[in-house]
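Structure record follows, encoded as structure tokens.
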Amino acid sequence: QVQLVESGGGSVQAGGSLRLSCAASGYTINGNCVSWFRQAPGKERERVASMYAGFRYYDDFVKGRFTISQDNAKNTVHLQMNSLKPEDSAMYYCAAGAQCATPDAWGQGTQVTVSS
């Protein structure tokens, strides 16, 4: 059974940092695209960052602030988020699959709240 379990969310003030983690079981992230998406209340889900075969993608609104990385030995994906802004507040989801934009597996999400 495929499971992606996120952790590391929480509440921080603007300018602060958080590091999200996603532990995969029943699924090997190495060789697949791993991504972080987010969804705020009343807004559509948007892709934040992806990593595939060493190539990293970041959406414009997080470039220079967020970093995606993966630890293949631990089958884990991380998202380091720095210089957080209130508009970064959302539920963050880890996802993986052969296609970055349309993942096959999703985590349950972890909440990030940034206060001004």
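Chain labels follow the order of the structure tokens: the first chain is A, the next B, and so on; residue numbering restarts at 1 in every chain, and ligands are counted from 1 in their shown order.
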Shell of 10 Å around region 103-106 of chain A, only C-alpha atoms, local chain residues under 6 positions omitted, as a short mmCIF file (atom, residue, chain, number, x, y, z; two decimals) with all heavy atoms, in the first residue's frame:
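selection.cif, written as the output of this step:
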data_model
loop_
_atom_site.label_atom_id
_atom_site.label_comp_id
_atom_site.auth_asym_id
_atom_site.auth_seq_id
_atom_site.Cartn_x
_atom_site.Cartn_y
_atom_site.Cartn_z
N VAL A 2 0.58 2.16 -0.91
CA VAL A 2 1.35 3.37 -1.03
C VAL A 2 0.92 4.37 0.04
O VAL A 2 -0.27 4.62 0.22
CB VAL A 2 1.18 4.00 -2.42
CG1 VAL A 2 1.91 5.33 -2.50
CG2 VAL A 2 1.67 3.04 -3.50
N GLN A 3 1.89 4.91 0.74
CA GLN A 3 1.60 5.94 1.73
C GLN A 3 2.64 7.05 1.64
O GLN A 3 3.84 6.79 1.58
CB GLN A 3 1.61 5.36 3.15
CG GLN A 3 0.29 4.79 3.61
CD GLN A 3 0.26 4.60 5.11
OE1 GLN A 3 1.21 4.10 5.69
NE2 GLN A 3 -0.84 4.99 5.74
N LEU A 4 2.15 8.28 1.63
CA LEU A 4 3.00 9.45 1.74
C LEU A 4 2.53 10.21 2.97
O LEU A 4 1.36 10.61 3.03
CB LEU A 4 2.89 10.33 0.49
CG LEU A 4 3.27 9.70 -0.85
CD1 LEU A 4 3.00 10.68 -1.99
CD2 LEU A 4 4.73 9.28 -0.86
N VAL A 5 3.41 10.40 3.91
CA VAL A 5 3.02 11.03 5.17
C VAL A 5 3.84 12.29 5.38
O VAL A 5 5.07 12.22 5.53
CB VAL A 5 3.22 10.06 6.35
CG1 VAL A 5 2.81 10.74 7.66
CG2 VAL A 5 2.41 8.78 6.14
N GLU A 6 3.14 13.44 5.40
CA GLU A 6 3.81 14.71 5.59
C GLU A 6 3.93 15.05 7.08
O GLU A 6 3.10 14.61 7.90
CB GLU A 6 3.04 15.85 4.91
CG GLU A 6 2.84 15.71 3.43
CD GLU A 6 1.50 15.11 3.07
OE1 GLU A 6 0.94 14.38 3.90
OE2 GLU A 6 1.00 15.38 1.97
N ALA A 24 7.81 8.30 2.44
CA ALA A 24 7.09 7.40 1.54
C ALA A 24 7.28 5.96 1.96
O ALA A 24 8.37 5.55 2.34
CB ALA A 24 7.59 7.58 0.11
N TYR A 27 6.36 2.74 -1.82
CA TYR A 27 6.57 3.52 -3.05
C TYR A 27 8.01 4.02 -3.02
O TYR A 27 8.47 4.54 -2.01
CB TYR A 27 5.61 4.71 -3.07
CG TYR A 27 5.55 5.44 -4.40
CD1 TYR A 27 4.58 5.12 -5.33
CD2 TYR A 27 6.45 6.46 -4.70
CE1 TYR A 27 4.50 5.77 -6.55
CE2 TYR A 27 6.39 7.12 -5.90
CZ TYR A 27 5.41 6.78 -6.83
OH TYR A 27 5.34 7.43 -8.03
N ASN A 32 11.12 8.60 -9.66
CA ASN A 32 9.82 9.22 -9.90
C ASN A 32 9.90 10.71 -9.61
O ASN A 32 10.83 11.18 -8.97
CB ASN A 32 8.75 8.58 -9.02
CG ASN A 32 8.35 7.21 -9.49
OD1 ASN A 32 7.70 7.04 -10.52
ND2 ASN A 32 8.76 6.19 -8.75
N CYS A 33 8.91 11.44 -10.09
CA CYS A 33 8.83 12.86 -9.78
C CYS A 33 8.18 13.04 -8.42
O CYS A 33 7.14 12.43 -8.14
CB CYS A 33 8.02 13.59 -10.85
SG CYS A 33 7.92 15.37 -10.56
N VAL A 34 8.77 13.84 -7.58
CA VAL A 34 8.17 14.16 -6.29
C VAL A 34 7.87 15.66 -6.27
O VAL A 34 8.66 16.46 -6.76
CB VAL A 34 9.10 13.77 -5.12
CG1 VAL A 34 9.17 12.26 -5.01
CG2 VAL A 34 10.49 14.35 -5.28
N SER A 35 6.73 15.99 -5.74
CA SER A 35 6.27 17.37 -5.79
C SER A 35 5.63 17.77 -4.47
O SER A 35 5.18 16.92 -3.69
CB SER A 35 5.24 17.56 -6.90
OG SER A 35 5.75 17.23 -8.16
N TRP A 36 5.58 19.06 -4.26
CA TRP A 36 4.80 19.67 -3.19
C TRP A 36 3.75 20.57 -3.85
O TRP A 36 4.09 21.40 -4.70
CB TRP A 36 5.67 20.48 -2.25
CG TRP A 36 6.54 19.63 -1.37
CD1 TRP A 36 7.82 19.24 -1.61
CD2 TRP A 36 6.18 19.06 -0.10
NE1 TRP A 36 8.28 18.46 -0.58
CE2 TRP A 36 7.29 18.33 0.36
CE3 TRP A 36 5.04 19.09 0.69
CZ2 TRP A 36 7.30 17.65 1.58
CZ3 TRP A 36 5.04 18.41 1.90
CH2 TRP A 36 6.15 17.70 2.34
N PHE A 37 2.52 20.39 -3.44
CA PHE A 37 1.42 21.24 -3.84
C PHE A 37 0.89 21.94 -2.60
O PHE A 37 1.15 21.52 -1.48
CB PHE A 37 0.29 20.40 -4.46
CG PHE A 37 0.59 19.82 -5.81
CD1 PHE A 37 1.43 18.73 -5.95
CD2 PHE A 37 0.01 20.35 -6.95
CE1 PHE A 37 1.70 18.18 -7.20
CE2 PHE A 37 0.26 19.82 -8.21
CZ PHE A 37 1.11 18.72 -8.33
N TYR A 93 0.70 19.56 0.44
CA TYR A 93 0.60 18.14 0.13
C TYR A 93 1.85 17.66 -0.60
O TYR A 93 2.34 18.31 -1.51
CB TYR A 93 -0.61 17.87 -0.77
CG TYR A 93 -1.94 18.24 -0.17
CD1 TYR A 93 -2.48 19.50 -0.34
CD2 TYR A 93 -2.65 17.30 0.58
CE1 TYR A 93 -3.71 19.84 0.22
CE2 TYR A 93 -3.88 17.62 1.14
CZ TYR A 93 -4.40 18.89 0.95
OH TYR A 93 -5.62 19.21 1.51
N CYS A 94 2.29 16.51 -0.21
CA CYS A 94 3.35 15.81 -0.91
C CYS A 94 2.72 14.90 -1.95
O CYS A 94 1.65 14.31 -1.70
CB CYS A 94 4.15 14.99 0.11
SG CYS A 94 5.36 13.87 -0.57
N ALA A 95 3.34 14.78 -3.11
CA ALA A 95 2.80 13.93 -4.17
C ALA A 95 3.94 13.32 -4.97
O ALA A 95 5.02 13.90 -5.05
CB ALA A 95 1.88 14.74 -5.08
N ALA A 96 3.66 12.19 -5.58
CA ALA A 96 4.69 11.51 -6.36
C ALA A 96 4.07 10.73 -7.51
O ALA A 96 2.91 10.32 -7.44
CB ALA A 96 5.49 10.57 -5.47
N GLY A 97 4.85 10.56 -8.56
CA GLY A 97 4.37 9.81 -9.70
C GLY A 97 5.30 9.97 -10.88
O GLY A 97 6.31 10.66 -10.81
#
I'd like the neighbourhood of Lys85 (chain A) as a PDB file with N, CA, C and O atoms, in the first residue's frame, where a residue qualifies if any of its atoms comes within 7 Å (using only C-alpha atoms), though same-chain residues fewer than 5 positions away should be ignored.
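The resulting file, selection-v1.pdb, is reproduced below:
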ATOM      1  N   ALA A  14       5.657  35.863   9.870  1.00  0.00           N
ATOM      2  CA  ALA A  14       6.229  36.235   8.584  1.00  0.00           C
ATOM      3  C   ALA A  14       7.738  36.419   8.720  1.00  0.00           C
ATOM      4  O   ALA A  14       8.215  36.986   9.702  1.00  0.00           O
ATOM      5  N   GLY A  15       8.452  35.901   7.723  1.00  0.00           N
ATOM      6  CA  GLY A  15       9.903  35.945   7.761  1.00  0.00           C
ATOM      7  C   GLY A  15      10.532  34.697   8.347  1.00  0.00           C
ATOM      8  O   GLY A  15      11.747  34.504   8.239  1.00  0.00           O
ATOM      9  N   VAL A 114       1.070  31.241   8.336  1.00  0.00           N
ATOM     10  CA  VAL A 114       2.050  32.314   8.514  1.00  0.00           C
ATOM     11  C   VAL A 114       1.304  33.582   8.913  1.00  0.00           C
ATOM     12  O   VAL A 114       0.440  34.056   8.179  1.00  0.00           O
TER      13      VAL A 114
END
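Each of A:Cys22, A:Val48, A:Ala40, A:Ile68 was checked against Val112 (chain A) using only C-alpha atoms; the smallest atom-to-atom distance is that of A:Ala40.
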State, in Å with one decimal place, the distance from CA of Arg47 (chain A) to CA of Asp59 (chain A). 7.0 Å
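CA of Ser116 (chain A) to CA of Asp88 (chain A) spans 11.2 Å [interatomic distance, one decimal].
Taking CA of Arg45 (chain A) and CA of Tyr92 (chain A) as endpoints, the distance between them is 9.4 Å.
Closest approach to Gly42 (chain A) among A:Ala73, A:Val12, A:Leu20, A:Met91: A:Met91, based on only C-alpha atoms.
With only C-alpha atoms as the atoms that count, the minimum distance from Ala53 (chain A) to the choices A:Gln99, A:Asn75, A:Asn30, A:Ser11 is reached by A:Asn30.
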List as an MDAnalysis selection string the protein and nucleic acid residues near Lys43 (chain A), meaning an atom at most 12 Å away when only C-alpha atoms are counted, but skip any in the same chain fewer than 3 places from it. chainID A and resid 38:40 46 87 89:91
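If you count only C-alpha atoms and ignore residues fewer than 2 places along the chain from region 79-83 of chain A, what sits within 6 Å of it is A:Gly15, A:Gly16, A:Ser17, A:Leu18, A:Arg19, A:Leu20, A:Arg65, A:Phe66, A:Thr67, A:Ile68.
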Those selected residues, please, written with N, CA, C and O atoms and delivered as a tab-separated table (two decimals), in the first residue's frame.
chain	number	residue	atom	x	y	z
A	15	GLY	N	8.45	35.90	7.72
A	15	GLY	CA	9.90	35.95	7.76
A	15	GLY	C	10.53	34.70	8.35
A	15	GLY	O	11.75	34.50	8.24
A	16	GLY	N	9.72	33.87	8.96
A	16	GLY	CA	10.23	32.65	9.58
A	16	GLY	C	10.41	31.52	8.59
A	16	GLY	O	10.22	31.68	7.38
A	17	SER	N	10.80	30.37	9.12
A	17	SER	CA	11.09	29.20	8.29
A	17	SER	C	10.41	27.95	8.84
A	17	SER	O	10.15	27.84	10.05
A	18	LEU	N	10.13	27.04	7.93
A	18	LEU	CA	9.63	25.72	8.28
A	18	LEU	C	10.25	24.72	7.32
A	18	LEU	O	10.56	25.05	6.17
A	19	ARG	N	10.39	23.49	7.80
A	19	ARG	CA	10.89	22.42	6.93
A	19	ARG	C	9.87	21.29	6.94
A	19	ARG	O	9.63	20.67	7.98
A	20	LEU	N	9.27	21.07	5.79
A	20	LEU	CA	8.30	19.99	5.65
A	20	LEU	C	9.03	18.72	5.21
A	20	LEU	O	10.00	18.76	4.46
A	65	ARG	N	13.10	31.21	-2.20
A	65	ARG	CA	12.70	31.08	-0.80
A	65	ARG	C	12.54	29.62	-0.37
A	65	ARG	O	12.82	29.27	0.78
A	66	PHE	N	12.08	28.77	-1.28
A	66	PHE	CA	11.82	27.37	-0.97
A	66	PHE	C	12.86	26.49	-1.68
A	66	PHE	O	13.30	26.81	-2.78
A	67	THR	N	13.19	25.37	-1.06
A	67	THR	CA	14.11	24.40	-1.65
A	67	THR	C	13.57	23.00	-1.45
A	67	THR	O	13.27	22.60	-0.33
A	68	ILE	N	13.44	22.27	-2.56
A	68	ILE	CA	13.00	20.88	-2.49
A	68	ILE	C	14.23	19.97	-2.54
A	68	ILE	O	15.20	20.25	-3.26
